[in-house]
Structures are given as C-alpha cells and as structure tokens.
2 protein chains.
Amino acid sequence: MARIEADLEDLSTRARIRDAALRHFGEHGFGGASIRGIAEAAGVSSGLVRHHFGSKLALREACDDYLIKTVRRINDEARTDTMLADVNPVAAAQAALGPYQRYLARALTEGWAAPLFDEMARLSEEWLEEVDKARPDPPFASRKARATVATAMSLAVPILHQHISRGLGVDLASPEGAHLLAMTLLDIHSHPMVTPEAAAAMREGLEKLRDKSL
Amino acid sequence: MARIEADLEDLSTRARIRDAALRHFGEHGFGGASIRGIAEAAGVSSGLVRHHFGSKLALREACDDYLIKTVRRINDEARTDTMLADVNPVAAAQAALGPYQRYLARALTEGWAAPLFDEMARLSEEWLEEVDKARPDPPFASRKARATVATAMSLAVPILHQHISRGLGVDLASPEGAHLLAMTLLDIHSHPMVTPEAAAAMREGLEKLRDKSL
DNA sequence: ACGGTTACTACACGATCGTATAATTTAAGG
DNA sequence: CCTTAAATTATACGATCGTGTAGTAACCGT
C-alpha cells in the first residue's frame with residue numbers, strides 16, 4: 001500500500017537514491033560504481049539502498065526505467081513546445097537530459113539499455129517519416145535503417161561530450177558551447193559530405209563488391 | 001637491453017597480456033575488468049601482469065599507446081591502399097580495428113584516451129581540408145569544429161555497434177551488415193537533413209537567440 | 001660452466017565489494 | 001496508548017580486488 005503519489009513519482013528518499021545512482025553509474029560505470037558510494041551521495045546508509053531496490057542490478061534497472069520514462073516525456077514536450085526545440089534542439093535536449101547524459105552514455109556503451117536506444121530510434125523514425133515526404137529520390141536504405149544510424153550519430157554528442165568540448169575549446173554545457181555545436185551540426189547536416197554523383201559511383205562499387213563476395 | 005625487436009613490437013607474452021587486456025577492458029570496462037581475469041585470459045599468472053606493466057593503470061595506458069599506434073597505421077594504410085578504402089571505408093576501418101572496437105568505445109566514453117580522439121579528429125581535419133576545396137559557400141563553423149563533431153559522429157558506429165546491429169537486423173561485423181551500413185551511411189551523407197533555406201533560417205534564429213542571451 | 005639479469009609463479013595483506021541479517025527508529029491506525 | 005508495519009541503521013560474512021614480496025625457473029653473455 002502506501003505511496004498515494006502513484007505515478008506522480010516520488011520526491012522521497014527513494015528518488016534521492018535513484019538520482020545518486022544515476023550520477024554514480026554515469027561517472028564510474030556499473031562495475032566501478034559502488035552501493036556504498038551511492039548511499040553516501042544520497043545521504044543514507046548502504047543498507048537502505050538494498051532495502052528499496054533489492055540489488056545493484058535491480059537498482060540499475062530502476063534507473064533505466066526512470067530514464068526511458070524521462071526520454072518519452074522530453075520527446076512529448078518537444079512536440080508541443082516548438083519554440084526552443086525548433087531553433088536549438090541540441091541545447092533543448094541537452095538541458096532536458098541534463099545530469100543524465102553520462103548515465104545515458106554508459107548505459108548505451110556498456111550494453112544494457114537496449115530498449116532505451118530502440119525507443120529513441122523509433123522516435124527518430126517517426127520524425128524521418130515527415131522529412132521523407134519532401135524527398136524526391138528513393139532512399140538507398142530502409143527508413144528504419146536510416147533512423148537507427150541517425151539516432152546513433154546523434155547520440156555521439158552526449159556520449160563523446162567531453163571530447164567534443166575539448167575539440168571546440170568550450171564546454172558543451174555552456175551557452176557558447178551549445179551555440180557553437182548547433183552551428184556546427186547545422187553546417188554538417190545542410191552540406192552533404194558526398195555529392196550525388198560520387199554517391200552513385202560509390203553505390204555501384206558497393207553493389208559490385210557485394211555481388212563478388214556472395 | 002634485450003628486445004632486439006625494438007619497434008617491431010612484441011609477439012611475445014607481453015603482447016598476449018596486452019591483447020587480453022584490450023579485450024577485457026573493452027568487455028567489462030576499466031573498473032569491471034580485473035588483473036586476474038586478464039592474466040587468466042592470457043594464460044599467465046596475475047603477478048606477471050604486474051611484472052610487465054607495473055599497475056592496472058599503467059596497463060591501460062599501454063593499451064592506449066598500442067591502440068593509437070594502430071589507428072595511425074590504419075590511417076596510413078588507407079591512404080596507400082585506395083581500393084577497398086574508397087569503396088567501403090566503413091568495412092575497412094571495422095576490419096582493421098577489429099577486436100579493439102569495444103576497447104575504443106570504452107576508452108572514449110570512460111574519459112581516458114583523449115589523445116586518441118584528438119588524433120582521429122586531426123586526421124579528419126586533414127581529410128576535410130581536401131573536401132573543403134570543392135565547396136562553394138563559406139562554412140558556418142571552423143574546420144576544426146566540423147572535424148571534431150564529424151569524428152564523434154563517425155565513432156558512434158563502433159561505439160553503438162550492437163544497438164545498430166539490432167536496429168538493422170544483422171550483425172555489423174558480417175559482410176551483409178557492413179554492406180547495409182555502408183549503404184545507409186552513403187544515403188545519409190549524400191542527402192542533407194536540412195535544406196539550405198531551412199539552414200539559413202535556423203542559423204538566423206540561432207544568432208538571434210545568442211544575441212538575446214548575451 | 002657459471003653469475004646475473006630477466007621471466008614467471010605462489011602466496012599473503014589490507015581494502016572494498018555486494019549481500020545478508022538483526023536491531024533500532026519512525027510513522028500510522030485503531 | 002499501544003500495536004504493527006515500514007523505514008533506516010549497524011554490523012558481519014565471504015568473495016574479490018589491486019598490490020607487494022619472496023622465491024623459482026629460464027635465458028644469456030662471457
């Protein structure tokens with residue numbers, strides 16, 4: 001019983017522990033993080049962590065559940081609140097994901113959180129459906145394939161956050177960094193790296209290579 | 001003294017340990033991997049690992065050094081051997097990086113290996129210099145910024161290898177997977193996600209947003 | 001053949017890990 | 001007020017961690 005808040009989600013001790021876990025898992029990875037460290041960060045005893053979540057693995061799964069719920073919420077909000085999202089979706093996503101970026105990166109690279117990626121790819125696919133309407137030529141690959149790869153490429157930004165920051169010379173979390181990144185992404189996404197002619201040639205070469213090897 | 005092989009690098013026990021470490025660090029992360037596990041995988045005692053590398057951290061640094069050397073070698077080879085690299089650079093890089101992909105992913109996401117990323121970004125910048133010659137309009141962002149972000153986006157493929165494989169329905173390591181990925185990347189890179197007009201509008205919006213916030 | 005450097009193993013130490021259990025405090029309901 | 005359940009802590013256990021030390025086996029120049 002108890003917990004009248006139901007799906008309002010808790011602002012309680014349990015939530016504090018989960019937030020600390022998200023931060024710790026993000027910073028040290030699953031193997032590197034420790035229950036005791038999480039407990040200390042949350043200001044509780046290590047036994048209480050176990051009492052609320054059962055085990056380290058179950059705690060991670062609770063983090064995953066919370067994060068996937070957050071991603072969905074962010075996506076919904078981005079649809080209604082068009083203003084900021086249209087102008088600087090990068091900054092918007094970054095602000096919304098906020099302290100969970102590092103956890104997201106860990107989750108994806110350490111192998112768990114497959115549903116999380118799939119959900120994001122699904123959202124990308126929906127978005128691609130709109131974009132495809134304005135496209136004259138037939139795509140080389142299925143929409144799902146393009147959505148999957150595009151999702152992965154987008155995720156490179158939060159995953160390699162610090163490396164990009166170092167390369168740009170400013171922290172991506174700062175307003176200047178977000179702006180510079182948005183400009184750079186805009187330039188990249190509005191200028192094909194490969195010309196249509198070169199693409200056709202490469203495509204032909206690829207097909208030949210494939211026929212030969214089969 | 002000893003070690004006549006010099007920079008030929010060793011095929012010896014030391015190399016076996018390092019390879020096992022690359023695999024273990026890649027699979028379990030730095031925190032999750034254990035000296036004993038690495039030693040067992042290499043078929044030696046755990047003491048020998050320490051004897052050759054001193055500490056866990058030094059072992060990781062040795063892995064980094066080896067990997068950065070490998071990346072440089074691959075890049076050089078790709079310049080001379082144009083055949084495969086031009087047709088399917090994705091498959092080429094994948095085949096060359098081979099078993100080190102997971103380590104690379106860990107190294108980049110766990111925060112170490114900054115020199116590795118910077119080296120790759122530098123190589124990207126050199127490559128961009130060639131591409132820029134055929135470009136009519138001035139870029140929105142500096143070459144280094146574009147090279148950095150493009151490098152990050154390219155790295156998303158090995159980093160999110162398993163998620164992309166799941167999304168495509170085939171293992172990226174298989175010939176079919178490599179082909180499908182190459183096709184998808186070709187489509188993405190030859191079709192701007194944003195039209196020039198939309199890009200100009202977004203850019204203007206971005207600048208305004210920036211002026212307002214400063 | 002032999003002395004010395006190096007490769008390699010066995011083992012022990014202290015720390016820390018995840019987990020388990022029992023005790024204690026807090027909160028709530030009748 | 002008293003009972004009962006939940007929240008929270010304290011403490012302990014066994015395993016495993018990285019590291020240190022001492023000892024053995026192999027190799028090599030002379």
# chains A, B, ... in the order shown; residues from 1 in each chain; ligands from 1
$ interface_residues --of "chain B" --to "chain D" --cutoff "8 Å" --atoms "only C-alpha atoms (C1' of nucleotides)" --output "PDB file with N, CA and C atoms, in the first residue's frame"
ATOM      1  N   SER B  34      39.457  -7.156 -14.309  1.00  0.00           N
ATOM      2  CA  SER B  34      40.352  -7.487 -13.206  1.00  0.00           C
ATOM      3  C   SER B  34      41.673  -8.023 -13.734  1.00  0.00           C
ATOM      4  N   ILE B  35      42.728  -7.691 -13.029  1.00  0.00           N
ATOM      5  CA  ILE B  35      44.055  -8.177 -13.398  1.00  0.00           C
ATOM      6  C   ILE B  35      44.046  -9.696 -13.491  1.00  0.00           C
ATOM      7  N   LYS B  56      47.586  -1.576 -12.799  1.00  0.00           N
ATOM      8  CA  LYS B  56      46.407  -1.668 -13.669  1.00  0.00           C
ATOM      9  C   LYS B  56      46.313  -0.444 -14.574  1.00  0.00           C
TER      10      LYS B  56
END
$ interface_residues --of "chain B" --to "chain C" --cutoff "9 Å" --atoms "only C-alpha atoms (C1' of nucleotides)" --output "ChimeraX atom specification"
/B:44-48,51
$ interface_residues --of "chain B" --to "chain A" --cutoff "6 Å" --atoms "only C-alpha atoms" --output "PDB file with N, CA, C and O atoms, in the first residue's frame"
ATOM      1  N   GLY B  31      36.861  -0.385 -14.572  1.00  0.00           N
ATOM      2  CA  GLY B  31      36.517  -0.785 -13.210  1.00  0.00           C
ATOM      3  C   GLY B  31      36.109  -2.236 -13.119  1.00  0.00           C
ATOM      4  O   GLY B  31      36.455  -2.925 -12.169  1.00  0.00           O
ATOM      5  N   GLY B  32      35.383  -2.696 -14.120  1.00  0.00           N
ATOM      6  CA  GLY B  32      34.870  -4.060 -14.100  1.00  0.00           C
ATOM      7  C   GLY B  32      35.913  -5.119 -14.402  1.00  0.00           C
ATOM      8  O   GLY B  32      35.815  -6.245 -13.924  1.00  0.00           O
ATOM      9  N   VAL B  87      35.958   2.315 -51.616  1.00  0.00           N
ATOM     10  CA  VAL B  87      34.673   1.697 -51.884  1.00  0.00           C
ATOM     11  C   VAL B  87      33.879   1.470 -50.606  1.00  0.00           C
ATOM     12  O   VAL B  87      32.724   1.843 -50.504  1.00  0.00           O
ATOM     13  N   PHE B 140      29.773  27.478 -41.773  1.00  0.00           N
ATOM     14  CA  PHE B 140      29.272  28.181 -40.592  1.00  0.00           C
ATOM     15  C   PHE B 140      30.266  28.100 -39.441  1.00  0.00           C
ATOM     16  O   PHE B 140      30.314  28.987 -38.604  1.00  0.00           O
ATOM     17  N   ALA B 141      30.997  27.016 -39.446  1.00  0.00           N
ATOM     18  CA  ALA B 141      31.875  26.761 -38.299  1.00  0.00           C
ATOM     19  C   ALA B 141      33.290  26.467 -38.787  1.00  0.00           C
ATOM     20  O   ALA B 141      33.501  26.126 -39.955  1.00  0.00           O
ATOM     21  N   ALA B 145      36.199  22.583 -35.735  1.00  0.00           N
ATOM     22  CA  ALA B 145      34.915  22.272 -35.102  1.00  0.00           C
ATOM     23  C   ALA B 145      34.171  21.220 -35.897  1.00  0.00           C
ATOM     24  O   ALA B 145      33.665  20.235 -35.342  1.00  0.00           O
ATOM     25  N   ARG B 146      34.142  21.399 -37.202  1.00  0.00           N
ATOM     26  CA  ARG B 146      33.433  20.425 -38.041  1.00  0.00           C
ATOM     27  C   ARG B 146      34.109  19.071 -38.001  1.00  0.00           C
ATOM     28  O   ARG B 146      33.456  18.025 -37.973  1.00  0.00           O
ATOM     29  N   THR B 148      35.870  17.862 -35.543  1.00  0.00           N
ATOM     30  CA  THR B 148      35.630  17.266 -34.232  1.00  0.00           C
ATOM     31  C   THR B 148      34.265  16.592 -34.163  1.00  0.00           C
ATOM     32  O   THR B 148      34.155  15.427 -33.764  1.00  0.00           O
ATOM     33  N   ALA B 152      33.287  12.555 -33.998  1.00  0.00           N
ATOM     34  CA  ALA B 152      32.418  11.997 -32.966  1.00  0.00           C
ATOM     35  C   ALA B 152      31.277  11.208 -33.592  1.00  0.00           C
ATOM     36  O   ALA B 152      30.958  10.090 -33.170  1.00  0.00           O
ATOM     37  N   MET B 153      30.671  11.774 -34.624  1.00  0.00           N
ATOM     38  CA  MET B 153      29.550  11.097 -35.256  1.00  0.00           C
ATOM     39  C   MET B 153      29.979   9.792 -35.918  1.00  0.00           C
ATOM     40  O   MET B 153      29.250   8.802 -35.905  1.00  0.00           O
ATOM     41  N   ALA B 156      30.328   6.973 -33.514  1.00  0.00           N
ATOM     42  CA  ALA B 156      29.088   6.411 -32.987  1.00  0.00           C
ATOM     43  C   ALA B 156      28.875   4.992 -33.491  1.00  0.00           C
ATOM     44  O   ALA B 156      28.302   4.154 -32.797  1.00  0.00           O
ATOM     45  N   GLY B 167      19.192  -2.795 -34.653  1.00  0.00           N
ATOM     46  CA  GLY B 167      18.262  -2.000 -35.442  1.00  0.00           C
ATOM     47  C   GLY B 167      18.229  -2.403 -36.902  1.00  0.00           C
ATOM     48  O   GLY B 167      17.178  -2.369 -37.548  1.00  0.00           O
ATOM     49  N   LEU B 168      19.396  -2.802 -37.415  1.00  0.00           N
ATOM     50  CA  LEU B 168      19.460  -3.189 -38.826  1.00  0.00           C
ATOM     51  C   LEU B 168      19.018  -4.633 -39.030  1.00  0.00           C
ATOM     52  O   LEU B 168      18.729  -5.045 -40.155  1.00  0.00           O
ATOM     53  N   THR B 184      23.546   2.720 -45.958  1.00  0.00           N
ATOM     54  CA  THR B 184      22.802   3.669 -45.126  1.00  0.00           C
ATOM     55  C   THR B 184      23.601   4.948 -44.905  1.00  0.00           C
ATOM     56  O   THR B 184      23.073   6.063 -45.024  1.00  0.00           O
ATOM     57  N   ASP B 187      23.639   7.015 -48.009  1.00  0.00           N
ATOM     58  CA  ASP B 187      22.378   7.743 -48.199  1.00  0.00           C
ATOM     59  C   ASP B 187      22.327   8.971 -47.290  1.00  0.00           C
ATOM     60  O   ASP B 187      21.995  10.070 -47.729  1.00  0.00           O
ATOM     61  N   HIS B 189      24.822  10.584 -45.854  1.00  0.00           N
ATOM     62  CA  HIS B 189      25.838  11.593 -46.146  1.00  0.00           C
ATOM     63  C   HIS B 189      25.670  12.265 -47.505  1.00  0.00           C
ATOM     64  O   HIS B 189      26.305  13.283 -47.774  1.00  0.00           O
ATOM     65  N   SER B 190      24.849  11.703 -48.341  1.00  0.00           N
ATOM     66  CA  SER B 190      24.638  12.339 -49.643  1.00  0.00           C
ATOM     67  C   SER B 190      23.312  13.097 -49.691  1.00  0.00           C
ATOM     68  O   SER B 190      22.986  13.698 -50.711  1.00  0.00           O
ATOM     69  N   HIS B 191      22.562  13.051 -48.583  1.00  0.00           N
ATOM     70  CA  HIS B 191      21.292  13.777 -48.551  1.00  0.00           C
ATOM     71  C   HIS B 191      21.230  14.653 -47.315  1.00  0.00           C
ATOM     72  O   HIS B 191      21.073  14.141 -46.210  1.00  0.00           O
ATOM     73  N   PRO B 192      21.356  15.955 -47.498  1.00  0.00           N
ATOM     74  CA  PRO B 192      21.305  16.855 -46.343  1.00  0.00           C
ATOM     75  C   PRO B 192      19.981  16.730 -45.614  1.00  0.00           C
ATOM     76  O   PRO B 192      18.921  16.674 -46.234  1.00  0.00           O
ATOM     77  N   MET B 193      20.058  16.650 -44.283  1.00  0.00           N
ATOM     78  CA  MET B 193      18.844  16.542 -43.482  1.00  0.00           C
ATOM     79  C   MET B 193      18.110  17.877 -43.455  1.00  0.00           C
ATOM     80  O   MET B 193      16.926  17.947 -43.210  1.00  0.00           O
ATOM     81  N   VAL B 194      18.881  18.931 -43.709  1.00  0.00           N
ATOM     82  CA  VAL B 194      18.315  20.268 -43.649  1.00  0.00           C
ATOM     83  C   VAL B 194      18.571  20.944 -44.992  1.00  0.00           C
ATOM     84  O   VAL B 194      19.689  20.922 -45.508  1.00  0.00           O
ATOM     85  N   THR B 195      17.536  21.552 -45.544  1.00  0.00           N
ATOM     86  CA  THR B 195      17.717  22.263 -46.810  1.00  0.00           C
ATOM     87  C   THR B 195      18.457  23.567 -46.566  1.00  0.00           C
ATOM     88  O   THR B 195      18.415  24.110 -45.463  1.00  0.00           O
ATOM     89  N   MET B 202      17.328  28.705 -39.694  1.00  0.00           N
ATOM     90  CA  MET B 202      17.728  28.234 -38.372  1.00  0.00           C
ATOM     91  C   MET B 202      18.936  29.002 -37.864  1.00  0.00           C
ATOM     92  O   MET B 202      19.029  29.350 -36.703  1.00  0.00           O
TER      93      MET B 202
END
$ residues_around --residues "A:Val71" --least-positions-apart "2" --cutoff "9 Å" --atoms "only C-alpha atoms (C1' of nucleotides)" --output "PyMOL selection string"
chain A and resi 66-69+73-76+96-97+116+119-120
$ atom_distance --atom1 "atom CA of B:Asp19" --atom2 "atom CA of A:Leu104"
28.2 Å
$ atom_distance --atom1 "atom CA of B:Leu172" --atom2 "atom CA of B:Tyr103"
16.6 Å
$ atom_distance --atom1 "atom CA of A:Tyr100" --atom2 "atom CA of A:Leu22"
6.7 Å
